[in-house]
file upload19.txt (compact mmCIF, C-alpha atoms)
# COMPACT_ATOMS: atom_id res chain seq x y z
CA MET A 1 12.58 52.12 90.22
CA GLU A 2 14.09 48.83 91.38
CA THR A 3 14.57 45.58 89.53
CA ASN A 4 14.68 42.55 91.76
CA ASN A 5 14.45 38.85 91.01
CA SER A 6 14.02 36.92 94.25
CA SER A 7 15.11 33.66 92.67
CA VAL A 8 18.64 34.89 91.95
CA ASP A 9 21.24 32.90 93.86
CA ALA A 10 23.27 35.85 95.10
CA ASP A 11 20.21 37.92 96.11
CA ILE A 12 21.54 40.72 93.91
CA THR A 13 19.36 43.82 93.72
CA ILE A 14 20.13 46.17 90.83
CA HIS A 15 18.78 49.72 90.72
CA SER A 16 18.01 51.30 87.37
CA GLU A 17 20.16 54.36 88.08
CA ASP A 18 23.15 52.08 88.64
CA VAL A 19 22.95 50.21 85.33
CA MET A 20 25.25 52.57 83.43
CA LYS A 21 27.76 52.57 86.28
CA ILE A 22 27.77 48.80 86.59
CA SER A 23 29.15 48.21 83.11
CA ILE A 24 32.46 49.83 84.05
CA LEU A 25 32.82 48.60 87.59
CA SER A 26 34.95 45.78 88.94
CA ILE A 27 33.28 42.68 90.29
CA SER A 28 33.84 43.87 93.86
CA THR A 29 31.94 47.10 93.18
CA ILE A 30 29.15 45.32 91.32
CA ALA A 31 28.80 42.97 94.25
CA SER A 32 28.30 45.91 96.60
CA LEU A 33 24.76 46.22 95.22
CA ALA A 34 23.88 42.87 96.75
CA VAL A 35 21.79 42.41 99.86
CA ALA A 36 23.58 40.82 102.81
CA LYS A 37 22.21 37.53 104.10
CA GLY A 38 21.20 36.88 107.70
CA ASP A 39 23.40 35.52 110.48
CA ARG A 40 23.71 31.80 110.88
CA VAL A 41 25.89 29.62 113.06
CA GLY A 42 28.88 27.92 111.40
CA ILE A 43 29.62 24.21 111.37
CA ARG A 44 30.56 24.29 115.04
CA SER A 45 31.77 26.89 117.46
CA ALA A 46 35.51 27.42 117.30
CA ASN A 47 36.09 26.07 120.80
CA SER A 48 34.43 22.73 120.02
CA ALA A 49 36.90 19.90 120.42
CA GLU A 50 34.89 17.27 118.64
CA SER A 51 34.94 17.06 114.85
CA PRO A 52 31.96 15.74 112.89
CA PHE A 53 34.27 14.84 110.03
CA PRO A 54 36.77 12.00 109.60
CA GLU A 55 40.45 12.68 110.09
CA ALA A 56 42.45 13.71 107.04
CA GLU A 57 44.95 11.30 105.56
CA ASP A 58 48.47 12.42 104.70
CA PHE A 59 47.77 12.09 101.01
CA ASN A 60 44.71 11.56 98.86
CA GLU A 61 45.05 8.24 97.04
CA ALA A 62 42.77 9.41 94.26
CA ALA A 63 45.05 12.40 93.69
CA ALA A 64 48.19 10.28 93.82
CA SER A 65 46.95 7.99 91.06
CA ALA A 66 45.35 10.67 88.91
CA THR A 67 48.04 10.76 86.24
CA THR A 68 47.71 7.03 85.61
CA SER A 69 44.14 7.47 84.39
CA ASN A 70 42.89 8.37 80.94
CA LEU A 71 40.77 11.23 82.25
CA LEU A 72 41.48 14.44 80.38
CA VAL A 73 41.69 16.65 83.49
CA ASP A 74 43.90 15.30 86.26
CA TYR A 75 43.54 18.03 88.89
CA LEU A 76 41.12 20.84 89.69
CA TYR A 77 41.95 23.90 91.84
CA THR A 78 39.37 26.65 92.39
CA TYR A 79 39.27 29.79 94.53
CA GLY A 80 35.86 31.22 95.38
CA GLY A 81 34.23 29.37 92.49
CA PRO A 82 30.42 29.00 92.31
CA ALA A 83 28.92 25.50 92.07
CA THR A 84 27.62 24.73 88.60
CA VAL A 85 26.11 21.22 88.54
CA LYS A 86 22.94 20.11 90.37
CA HIS A 87 22.06 16.68 91.76
CA PRO A 88 23.68 14.32 91.41
CA HIS A 89 26.75 16.23 92.48
CA GLN A 90 29.77 16.57 90.21
CA SER A 91 32.44 13.90 90.61
CA ASN A 92 34.82 11.90 88.49
CA PRO A 93 33.37 8.73 86.87
CA GLY A 94 32.23 6.12 89.38
CA ASN A 95 31.48 8.81 92.01
CA LYS A 96 35.22 9.17 92.61
CA CYS A 97 36.84 12.26 94.11
CA ILE A 98 38.16 14.89 91.75
CA PRO A 99 41.83 15.32 92.70
CA GLY A 100 42.64 18.88 93.70
CA ILE A 101 41.30 21.44 96.18
CA ARG A 102 38.37 23.85 96.37
CA VAL A 103 39.13 26.94 98.45
CA TYR A 104 36.86 29.64 99.82
CA THR A 105 37.06 32.35 102.49
CA GLU A 106 34.88 33.20 105.46
CA ASN A 107 35.01 35.51 108.47
CA TYR A 108 33.97 34.54 111.98
CA GLY A 109 32.90 36.53 115.01
CA TRP A 110 31.35 36.20 118.43
CA LYS A 111 28.17 37.27 120.20
CA GLY A 112 29.02 36.61 123.80
CA TRP A 113 29.90 32.92 123.93
CA TRP A 114 28.17 32.23 120.62
CA GLY A 115 30.33 32.00 117.51
CA HIS A 116 28.93 32.67 114.06
CA ILE A 117 30.01 33.29 110.48
CA THR A 118 29.94 37.02 109.78
CA ASN A 119 30.86 36.95 106.10
CA THR A 120 31.37 34.39 103.33
CA ASP A 121 32.84 34.80 99.87
CA PHE A 122 29.72 35.73 97.92
CA ALA A 123 30.78 33.81 94.81
CA ALA A 124 31.29 30.55 96.70
CA ILE A 125 27.74 30.80 98.05
CA MET A 126 26.18 32.31 94.92
CA ASN A 127 24.27 29.27 93.63
CA ALA A 128 23.54 27.70 97.01
CA LYS A 129 20.02 29.13 97.17
CA HIS A 130 19.09 26.84 94.30
CA ASP A 131 20.75 23.84 95.98
CA TYR A 132 23.78 23.46 93.76
CA PRO A 133 26.30 21.26 95.61
CA HIS A 134 29.99 21.86 94.98
CA PRO A 135 32.11 19.16 93.30
CA LYS A 136 33.16 16.07 95.23
CA MET A 137 36.72 17.09 96.07
CA SER A 138 38.88 18.11 99.01
CA THR A 139 37.90 21.49 100.41
CA LEU A 140 39.86 24.14 102.34
CA VAL A 141 38.03 26.92 104.20
CA LEU A 142 40.25 29.90 105.05
CA ARG A 143 38.73 31.51 108.13
CA TRP A 144 39.61 34.91 109.59
CA TYR A 145 38.49 35.91 113.08
CA GLU A 146 37.67 39.33 114.44
CA GLY A 147 40.93 40.47 115.99
CA GLY A 148 43.16 38.92 113.36
CA LYS A 149 43.38 35.25 114.35
CA GLN A 150 43.37 32.87 111.39
CA GLU A 151 42.52 29.19 111.13
CA TYR A 152 41.41 26.76 108.47
CA LEU A 153 38.99 23.88 108.06
CA TRP A 154 40.25 20.98 105.95
CA PHE A 155 37.91 18.34 104.53
CA GLU A 156 39.69 15.48 102.78
CA CYS A 157 37.73 13.83 99.97
CA LYS A 158 37.06 10.10 100.31
CA ASP A 159 36.11 7.74 97.51
CA SER A 160 32.99 6.66 99.34
CA ASP A 161 29.33 6.47 98.38
CA ASP A 162 28.35 7.47 101.91
CA GLU A 163 27.22 11.10 101.60
CA TYR A 164 28.25 11.71 105.22
CA GLU A 165 31.83 11.44 103.99
CA TYR A 166 31.47 14.45 101.70
CA SER A 167 28.64 16.50 103.19
CA TRP A 168 30.92 19.55 103.02
CA GLN A 169 30.10 19.82 99.31
CA TYR A 170 27.15 21.92 100.58
CA LEU A 171 29.49 24.42 102.26
CA PRO A 172 29.19 27.30 102.54
CA ASP A 173 25.70 26.85 103.91
CA LYS A 174 23.09 28.58 101.75
CA ASN A 175 21.88 30.59 104.76
CA ALA A 176 25.32 31.82 105.80
CA ARG A 177 25.88 35.57 105.82
CA SER A 178 27.56 36.91 102.69
CA SER A 179 27.99 40.67 102.95
CA THR A 180 29.27 41.66 99.54
CA LYS A 181 29.52 45.32 100.52
CA ASN A 182 32.70 44.27 102.30
CA ASP A 183 33.44 41.24 100.19
CA ILE A 184 36.29 38.81 100.85
CA HIS A 185 36.57 37.60 97.27
CA ASP A 186 39.65 39.29 95.80
CA ILE A 187 42.31 36.74 94.81
CA GLN A 188 45.26 38.89 95.96
CA VAL A 189 43.78 40.97 98.78
CA ASP A 190 41.75 38.22 100.48
CA TYR A 191 42.90 34.79 99.32
CA GLU A 192 46.62 35.32 99.01
CA PRO A 193 47.40 36.45 102.58
CA ARG A 194 45.19 33.74 104.07
CA MET A 195 46.98 31.11 102.03
CA GLN A 196 50.31 32.57 103.10
CA ALA A 197 49.23 32.06 106.69
CA PHE A 198 48.11 28.52 105.81
CA ASN A 199 51.48 27.74 104.20
CA ASP A 200 53.69 29.21 106.93
CA GLY A 201 51.74 27.63 109.79
CA SER A 202 50.42 30.83 111.36
CA SER A 203 46.90 29.67 110.48
CA SER A 204 45.95 26.77 112.73
CA PRO A 205 43.69 23.81 111.86
CA LEU A 206 40.25 23.76 113.47
CA TYR A 207 39.80 20.01 113.02
CA SER A 208 42.11 18.03 110.74
CA ASP A 209 45.57 19.06 109.58
CA ALA A 210 45.75 19.51 105.81
CA SER A 211 49.29 18.04 105.82
CA ALA A 212 51.12 16.85 102.74
CA PHE A 213 48.64 16.99 99.87
CA ALA A 214 47.54 20.59 100.37
CA ARG A 215 51.11 21.82 100.75
CA GLN A 216 52.85 19.88 98.01
CA SER A 217 54.57 21.78 95.21
CA PRO A 218 53.13 23.60 93.36
CA SER A 219 51.17 24.75 96.39
CA LEU A 220 47.81 26.46 96.52
CA LEU A 221 49.68 29.73 96.90
CA ASP A 222 51.73 29.09 93.75
CA TYR A 223 48.59 28.41 91.69
CA VAL A 224 47.26 31.88 92.53
CA SER A 225 49.55 33.33 89.86
CA ALA A 226 47.78 31.24 87.18
CA ALA A 227 44.35 32.42 88.36
CA TYR A 228 45.57 36.02 88.39
CA CYS A 229 47.75 36.29 85.27
CA VAL A 230 45.03 34.91 82.97
CA TRP A 231 43.35 38.31 83.37
CA PHE A 232 45.91 39.81 80.98
CA PRO A 233 44.84 39.83 77.31
CA THR A 234 48.03 38.90 75.42
CA GLU A 235 50.69 36.21 75.75
CA ALA A 236 53.35 38.87 76.32
CA ASP A 237 51.33 40.42 79.16
CA MET A 238 50.61 37.01 80.70
CA THR A 239 54.32 36.13 80.53
CA SER A 240 55.32 39.43 82.12
CA CYS A 241 52.77 38.90 84.89
CA LEU A 242 53.96 35.36 85.57
CA LYS A 243 57.66 36.30 85.65
CA GLY A 244 57.07 39.38 87.76
CA TYR A 245 54.77 37.69 90.23
CA PRO A 246 57.29 36.92 93.02
CA GLU A 247 56.60 39.95 95.21
CA LYS A 248 54.98 40.94 98.46
CA HIS A 249 51.25 41.48 98.81
CA THR A 250 49.56 42.68 101.96
CA GLY A 251 46.07 42.01 103.22
CA GLU A 252 44.58 40.55 106.36
CA GLY A 253 47.44 38.12 106.88
CA GLY A 254 51.15 37.54 106.31
CA ASN A 255 53.60 39.41 104.12
CA ASP A 256 55.86 36.58 102.98
CA PRO A 257 56.95 36.79 99.34
CA VAL A 258 54.58 35.07 96.93
CA GLN A 259 56.60 32.91 94.58
CA GLY A 260 54.14 32.06 91.83
CA LEU A 261 54.72 29.43 89.15
CA ALA A 262 57.48 30.98 87.02
CA PRO A 263 60.36 30.12 89.42
CA LEU A 264 59.11 26.52 89.37
CA GLY A 265 59.67 26.26 85.61
CA TRP A 266 56.20 27.12 84.32
CA GLU A 267 55.79 29.27 81.22
CA VAL A 268 52.95 30.50 79.01
CA TYR A 269 52.39 28.04 76.18
CA ALA A 270 49.10 29.11 74.55
CA ASN A 271 46.31 31.60 75.04
CA MET A 272 43.10 32.89 73.50
CA ASN A 273 40.73 35.82 73.96
CA HIS A 274 37.08 35.18 73.11
CA VAL A 275 35.27 38.48 72.57
CA ASP A 276 31.49 38.72 72.92
CA GLY A 277 30.42 42.36 72.84
CA ASN A 278 32.09 44.03 75.81
CA ASP A 279 32.88 40.67 77.41
CA GLN A 280 36.38 39.26 76.97
CA ASP A 281 37.07 35.69 78.07
CA HIS A 282 40.75 34.86 78.35
CA VAL A 283 42.10 31.32 78.46
CA MET A 284 45.74 30.54 79.25
CA VAL A 285 47.72 27.30 79.03
CA LEU A 286 50.98 26.97 80.96
CA LYS A 287 53.50 24.19 80.50
CA ASN A 288 56.25 22.67 82.61
CA ASP A 289 58.62 20.18 81.03
CA ASP A 290 60.07 18.79 84.23
CA SER A 291 61.59 15.89 82.32
CA SER A 292 62.38 15.12 78.72
CA SER A 293 59.33 12.92 78.32
CA PHE A 294 56.64 14.27 80.69
CA ARG A 295 54.85 17.61 80.28
CA LYS A 296 52.58 19.10 82.93
CA CYS A 297 50.07 21.75 81.86
CA ILE A 298 47.72 24.19 83.55
CA ILE A 299 44.66 25.62 81.82
CA SER A 300 43.18 28.71 83.45
CA PHE A 301 39.99 30.65 82.71
CA LYS A 302 39.57 34.35 83.54
CA GLY A 303 37.20 35.33 86.31
CA SER A 304 34.36 37.85 86.29
CA ASP A 305 35.09 41.47 85.42
CA GLY A 306 31.84 43.20 84.46
CA ILE A 307 28.07 43.14 84.16
CA GLU A 308 28.23 40.71 81.22
CA ASP A 309 29.91 38.14 83.45
CA ILE A 310 27.74 38.85 86.49
CA SER A 311 24.66 38.42 84.30
CA ARG A 312 25.74 34.83 83.70
CA PHE A 313 24.40 34.08 87.18
CA LEU A 314 21.18 36.11 87.10
CA PHE A 315 17.61 35.69 85.91
CA ASP A 316 17.15 33.02 83.19
CA ASN A 317 20.86 32.24 83.28
CA ALA A 318 20.45 30.95 86.85
CA LYS A 319 18.36 28.06 85.49
CA THR A 320 19.73 24.69 84.48
CA THR A 321 20.24 23.14 81.08
CA GLY A 322 21.91 20.13 79.46
CA TYR A 323 25.61 19.95 78.66
CA CYS A 324 27.89 17.14 77.50
CA GLY A 325 25.26 14.46 78.07
CA ARG A 326 23.85 15.44 81.47
CA ASN A 327 21.15 17.75 82.73
CA GLY A 328 21.21 20.07 85.74
CA VAL A 329 24.11 22.23 84.53
CA HIS A 330 24.05 25.96 85.26
CA LYS A 331 22.89 27.63 82.05
CA GLY A 332 24.91 30.83 82.30
CA VAL A 333 28.23 29.05 82.90
CA ARG A 334 27.42 26.41 80.29
CA ASP A 335 26.74 29.11 77.68
CA GLU A 336 29.98 30.93 78.50
CA LEU A 337 32.09 27.77 78.23
CA SER A 338 30.34 26.65 75.04
CA GLN A 339 31.10 30.00 73.39
CA ILE A 340 34.77 29.64 74.33
CA THR A 341 35.16 26.08 73.03
CA HIS A 342 33.33 26.91 69.78
CA ASP A 343 35.66 29.84 69.11
CA ASP A 344 38.13 29.15 66.27
CA GLN A 345 40.96 30.05 68.66
CA TRP A 346 40.15 27.00 70.77
CA ASP A 347 40.88 24.79 67.75
CA SER A 348 43.95 26.72 66.64
CA GLU A 349 45.56 27.51 69.99
CA ILE A 350 44.18 25.70 73.04
CA ARG A 351 43.33 22.20 71.82
CA PRO A 352 46.72 21.66 70.08
CA ALA A 353 48.51 22.81 73.24
CA LEU A 354 46.51 20.45 75.47
CA GLU A 355 47.27 17.54 73.16
CA THR A 356 50.98 17.87 74.02
CA CYS A 357 50.29 17.49 77.76
CA ASP A 358 50.71 14.34 79.84
CA GLU A 359 48.96 15.94 82.81
CA VAL A 360 46.36 18.73 82.86
CA THR A 361 45.30 20.86 85.84
CA CYS A 362 42.48 23.41 85.66
CA VAL A 363 42.87 26.51 87.85
CA GLY A 364 40.33 29.31 88.24
CA HIS A 365 39.06 32.06 90.53
CA SER A 366 35.44 33.24 90.69
CA LEU A 367 33.77 32.69 87.29
CA GLY A 368 37.07 31.12 86.23
CA GLY A 369 36.52 28.51 88.95
CA ALA A 370 32.94 27.92 87.77
CA LEU A 371 34.23 27.43 84.22
CA CYS A 372 36.88 25.01 85.51
CA ASN A 373 34.20 23.00 87.33
CA THR A 374 32.06 22.66 84.20
CA PHE A 375 35.08 22.12 81.96
CA THR A 376 36.31 19.25 84.16
CA MET A 377 32.84 17.69 84.31
CA CYS A 378 32.52 17.65 80.50
CA ALA A 379 36.10 16.55 79.83
CA ASN A 380 36.11 13.68 82.33
CA ASN A 381 32.48 12.53 82.33
CA GLY A 382 31.36 13.35 78.80
CA PRO A 383 31.86 9.86 77.32
CA GLU A 384 29.92 8.25 80.19
CA TYR A 385 27.09 10.79 80.08
CA LEU A 386 26.76 10.56 76.31
CA GLU A 387 26.22 6.79 76.22
CA GLY A 388 22.75 6.31 74.77
CA ASN A 389 22.16 10.07 74.48
CA THR A 390 20.57 10.98 71.15
CA ASP A 391 20.74 14.77 71.46
CA PRO A 392 23.26 15.95 68.80
CA SER A 393 23.85 19.24 70.64
CA MET A 394 25.08 17.31 73.69
CA GLN A 395 27.59 15.43 71.55
CA ASP A 396 28.65 18.70 69.93
CA ASP A 397 29.34 20.16 73.38
CA TYR A 398 31.83 17.40 74.11
CA ASP A 399 33.36 17.29 70.63
CA SER A 400 34.05 21.02 70.72
CA LEU A 401 35.89 20.74 74.05
CA LYS A 402 37.72 17.41 74.02
CA TRP A 403 41.29 16.68 72.99
CA THR A 404 43.41 13.57 72.62
CA LYS A 405 45.50 13.12 75.72
CA LYS A 406 49.17 12.62 74.93
CA SER A 407 49.64 9.70 77.34
CA SER A 408 46.54 7.96 75.94
CA ALA A 409 47.78 8.41 72.40
CA SER A 410 51.20 7.02 73.39
CA ILE A 411 49.63 3.97 75.04
CA GLN A 412 47.51 3.32 71.95
CA GLN A 413 50.54 3.69 69.70
CA ASP A 414 52.61 1.33 71.86
CA SER A 415 49.80 -1.25 71.69
CA ILE A 416 49.71 -1.02 67.92
CA MET A 417 53.47 -1.54 67.75
CA VAL A 418 53.28 -4.59 70.02
CA VAL A 419 50.57 -6.15 67.86
CA ALA A 420 52.56 -5.39 64.72
CA ASN A 421 55.70 -6.98 66.15
CA GLU A 422 53.78 -10.10 67.06
call {"tool": "encode", "arguments": {"input": "upload19.txt", "output": "structure tokens"}}
result
Amino acid sequence: METNNSSVDADITIHSEDVMKISILSISTIASLAVAKGDRVGIRSANSAESPFPEAEDFNEAAASATTSNLLVDYLYTYGGPATVKHPHQSNPGNKCIPGIRVYTENYGWKGWWGHITNTDFAAIMNAKHDYPHPKMSTLVLRWYEGGKQEYLWFECKDSDDEYEYSWQYLPDKNARSSTKNDIHDIQVDYEPRMQAFNDGSSSPLYSDASAFARQSPSLLDYVSAAYCVWFPTEADMTSCLKGYPEKHTGEGGNDPVQGLAPLGWEVYANMNHVDGNDQDHVMVLKNDDSSSFRKCIISFKGSDGIEDISRFLFDNAKTTGYCGRNGVHKGVRDELSQITHDDQWDSEIRPALETCDEVTCVGHSLGGALCNTFTMCANNGPEYLEGNTDPSMQDDYDSLKWTKKSSASIQQDSIMVVANE
């Protein structure tokens, strides 16, 4: 007997005899039950000289000025993260770009002279069938060709209301092939070597050069260690993972040593483990005190690791709901994040740690990326969305997640002192 819901974003077909096996399998094995999508042509053939997108700038002005704002999340970095918010798309207040980078992988092949995408990270395309656009932010596509050639597509986010300027939020295309039997989703096996090639220049740009912003320190490759080490359940294990991360990993691309964040001065500052049945949701906060008065932090959410997490994207969970004052939010991801922020450990461990940070970056892979998307939306847009909203549950969503940003508190305190001195 076969259970199949045709409305599921990832077209996942689960057989009854596999149910017991699924509960103990990794996400890659679970994904192998999915049905591959049909072939479609990519954005343009690889030998096309003309780009339909504007040239990248050396640095994103929105990103450069992020730390001067009072937004709670300054940067967002995701690897193979599903989209989680329906129309209007997710952005920072005022339809501004979210500083940071969204990354996903794809493979490309040829039929005669005709180029086409042969595989796409299944998680990045998972919610596309229901027309979820990805957040308005710069996007990097790491493409691998049959035969071993690598290249990348770089789309720089522009603070423009012209949708042509950020049409890549719909990439990967919902009809692109995504063969999860041979998935390209693993953070170390698939993403790491492609980002190594991107960093060392052996991966060439198809259109615009990513240049300074994408390669600044910490780089996309350094952030991988945060997305990976959050999988470990205790602070000691996370610390050991972070410190031991500089090593060589092999995959489809280069073998250069992967540095990770520890050599750059980052250390584990707080963590929590929300347990819901067999599902364990880890959250990790890293800190970097690069000066005596300014603290940078990274918050990372663990990705998918079992049927409980996969089920967050299936059946009724694939529908939308309200969260932090707006509708159109993916129900499964919303429920997962709400459970985390309503856990007592969020109040005792995570929120106090975030309140010591001058700058906060959210980093996540897979479901961790989806959680980062929704987390950033609530943290940065909650006050705007909640204006005039009378639903107490919406306000509770925001209150359970928010924290007082250190820089904001300092500015308020300085203002009080000025007034008092006058």
call {"tool": "closest_atom_pairs", "arguments": {"input": "upload19.txt", "of": "stretch 211-291 of chain A", "to": "stretch 337-360 of chain A", "cutoff": "8 Å", "atoms": "all atoms listed in the file", "output": "tab-separated table"}}
result
residue	atom	partner	partner_atom	distance
A:Tyr269	CA	A:Ala353	CA	7.1
A:Ala270	CA	A:Glu349	CA	6.0
A:Asn271	CA	A:Glu349	CA	6.5
A:Met272	CA	A:Gln345	CA	6.0
A:Asn273	CA	A:Gln345	CA	7.8
A:His274	CA	A:Ile340	CA	6.1
A:Asp281	CA	A:Ile340	CA	7.5
A:Val285	CA	A:Ile350	CA	7.1
A:Lys287	CA	A:Cys357	CA	7.9
call {"tool": "closest_residue", "arguments": {"input": "upload19.txt", "among": "A:Thr78, A:Gln188, A:Asn327, A:Gln259", "to": "A:Leu371", "atoms": "all atoms listed in the file"}}
result
A:Thr78
call {"tool": "residues_around", "arguments": {"input": "upload19.txt", "residues": "A:Ser202", "least_positions_apart": "3", "cutoff": "9 Å", "atoms": "all atoms listed in the file", "output": "list in words"}}
result
Lys149, Gln150, Glu151, Gln196, Ala197, Phe198, Asn199 and Gly254 of chain A
call {"tool": "atom_distance", "arguments": {"input": "upload19.txt", "atom1": "atom CA of A:Pro383", "atom2": "atom CA of A:Leu140"}}
result
29.9 Å
call {"tool": "residues_around", "arguments": {"input": "upload19.txt", "residues": "A:Gly81", "least_positions_apart": "3", "cutoff": "6 Å", "atoms": "all atoms listed in the file", "output": "ChimeraX atom specification"}}
result
/A:78,124,365-366,369-370
call {"tool": "residues_around", "arguments": {"input": "upload19.txt", "residues": "A:Arg143", "least_positions_apart": "2", "cutoff": "7 Å", "atoms": "all atoms listed in the file", "output": "PyMOL selection string"}}
result
chain A and resi 105-108+141+145+150-152
call {"tool": "closest_residue", "arguments": {"input": "upload19.txt", "among": "A:Leu386, A:Leu367, A:Cys97, A:Ala176", "to": "A:Ser138", "atoms": "only C-alpha atoms"}}
result
A:Cys97
call {"tool": "atom_distance", "arguments": {"input": "upload19.txt", "atom1": "atom CA of A:His89", "atom2": "atom CA of A:Asp279"}}
result
29.4 Å
call {"tool": "atom_distance", "arguments": {"input": "upload19.txt", "atom1": "atom CA of A:Val224", "atom2": "atom CA of A:Val275"}}
result
24.2 Å
call {"tool": "residues_near_point", "arguments": {"input": "upload19.txt", "point": "(35.2, 39.1, 99.2)", "cutoff": "8 Å", "atoms": "all atoms listed in the file", "output": "JSON, numbers by chain"}}
result
{"A": [28, 105, 120, 121, 122, 180, 182, 183, 184, 185, 186, 190]}
call {"tool": "write_last_selection", "arguments": {"input": "upload19.txt", "atoms": "C-alpha atoms", "output": "PDB file, keeping the file's coordinate frame"}}
result
ATOM      1  CA  SER A  28      33.840  43.870  93.860  1.00  0.00           C
ATOM      2  CA  THR A 105      37.060  32.350 102.490  1.00  0.00           C
ATOM      3  CA  THR A 120      31.370  34.390 103.330  1.00  0.00           C
ATOM      4  CA  ASP A 121      32.840  34.800  99.870  1.00  0.00           C
ATOM      5  CA  PHE A 122      29.720  35.730  97.920  1.00  0.00           C
ATOM      6  CA  THR A 180      29.270  41.660  99.540  1.00  0.00           C
ATOM      7  CA  ASN A 182      32.700  44.270 102.300  1.00  0.00           C
ATOM      8  CA  ASP A 183      33.440  41.240 100.190  1.00  0.00           C
ATOM      9  CA  ILE A 184      36.290  38.810 100.850  1.00  0.00           C
ATOM     10  CA  HIS A 185      36.570  37.600  97.270  1.00  0.00           C
ATOM     11  CA  ASP A 186      39.650  39.290  95.800  1.00  0.00           C
ATOM     12  CA  ASP A 190      41.750  38.220 100.480  1.00  0.00           C
TER      13      ASP A 190
END
call {"tool": "closest_residue", "arguments": {"input": "upload19.txt", "among": "A:Ala123, A:Val103, A:Met284, A:Leu401", "to": "A:Thr376", "atoms": "all atoms listed in the file"}}
result
A:Leu401
call {"tool": "closest_residue", "arguments": {"input": "upload19.txt", "among": "A:Ile125, A:Met377, A:Ile101, A:Leu71", "to": "A:Thr139", "atoms": "only C-alpha atoms"}}
result
A:Ile101
call {"tool": "closest_residue", "arguments": {"input": "upload19.txt", "among": "A:Leu264, A:Leu76, A:Val329, A:Leu171", "to": "A:Asp290", "atoms": "all atoms listed in the file"}}
result
A:Leu264
call {"tool": "closest_residue", "arguments": {"input": "upload19.txt", "among": "A:Glu384, A:Asp222, A:Glu235, A:Glu163", "to": "A:Trp266", "atoms": "only C-alpha atoms"}}
result
A:Asp222
call {"tool": "axis_aligned_box", "arguments": {"input": "upload19.txt", "around": "stretch 364-379 of chain A", "padding_each_side": "6 Å", "output": "AutoDock Vina command-line options"}}
result
--center_x 36.2 --center_y 24.9 --center_z 85.3 --size_x 20.3 --size_y 28.7 --size_z 22.9
call {"tool": "build_atoms", "arguments": {"input": "upload19.txt", "residues": "stretch 72-84 of chain A", "atoms": "N, CA and C atoms", "output": "PDB file, in the frame of the given file"}}
result
ATOM      1  N   LEU A  72      40.812  13.317  81.027  1.00  0.00           N
ATOM      2  CA  LEU A  72      41.480  14.440  80.380  1.00  0.00           C
ATOM      3  C   LEU A  72      41.999  15.467  81.383  1.00  0.00           C
ATOM      4  N   VAL A  73      41.253  15.701  82.468  1.00  0.00           N
ATOM      5  CA  VAL A  73      41.690  16.650  83.490  1.00  0.00           C
ATOM      6  C   VAL A  73      42.114  15.865  84.728  1.00  0.00           C
ATOM      7  N   ASP A  74      43.355  16.056  85.130  1.00  0.00           N
ATOM      8  CA  ASP A  74      43.900  15.300  86.260  1.00  0.00           C
ATOM      9  C   ASP A  74      43.649  15.965  87.600  1.00  0.00           C
ATOM     10  N   TYR A  75      43.710  17.300  87.636  1.00  0.00           N
ATOM     11  CA  TYR A  75      43.540  18.030  88.890  1.00  0.00           C
ATOM     12  C   TYR A  75      42.667  19.256  88.667  1.00  0.00           C
ATOM     13  N   LEU A  76      41.988  19.674  89.733  1.00  0.00           N
ATOM     14  CA  LEU A  76      41.120  20.840  89.690  1.00  0.00           C
ATOM     15  C   LEU A  76      41.386  21.687  90.938  1.00  0.00           C
ATOM     16  N   TYR A  77      41.711  22.976  90.740  1.00  0.00           N
ATOM     17  CA  TYR A  77      41.950  23.900  91.840  1.00  0.00           C
ATOM     18  C   TYR A  77      41.109  25.152  91.609  1.00  0.00           C
ATOM     19  N   THR A  78      40.218  25.470  92.543  1.00  0.00           N
ATOM     20  CA  THR A  78      39.370  26.650  92.390  1.00  0.00           C
ATOM     21  C   THR A  78      39.411  27.501  93.648  1.00  0.00           C
ATOM     22  N   TYR A  79      39.285  28.812  93.450  1.00  0.00           N
ATOM     23  CA  TYR A  79      39.270  29.790  94.530  1.00  0.00           C
ATOM     24  C   TYR A  79      37.981  30.599  94.425  1.00  0.00           C
ATOM     25  N   GLY A  80      37.099  30.465  95.400  1.00  0.00           N
ATOM     26  CA  GLY A  80      35.860  31.220  95.380  1.00  0.00           C
ATOM     27  C   GLY A  80      35.031  30.960  94.137  1.00  0.00           C
ATOM     28  N   GLY A  81      34.970  29.721  93.690  1.00  0.00           N
ATOM     29  CA  GLY A  81      34.230  29.370  92.490  1.00  0.00           C
ATOM     30  C   GLY A  81      32.799  28.945  92.817  1.00  0.00           C
ATOM     31  N   PRO A  82      31.794  29.457  92.100  1.00  0.00           N
ATOM     32  CA  PRO A  82      30.420  29.000  92.310  1.00  0.00           C
ATOM     33  C   PRO A  82      30.227  27.549  91.863  1.00  0.00           C
ATOM     34  N   ALA A  83      29.312  26.843  92.521  1.00  0.00           N
ATOM     35  CA  ALA A  83      28.920  25.500  92.070  1.00  0.00           C
ATOM     36  C   ALA A  83      28.136  25.617  90.777  1.00  0.00           C
ATOM     37  N   THR A  84      28.239  24.616  89.922  1.00  0.00           N
ATOM     38  CA  THR A  84      27.620  24.730  88.600  1.00  0.00           C
ATOM     39  C   THR A  84      26.813  23.514  88.166  1.00  0.00           C
TER      40      THR A  84
END
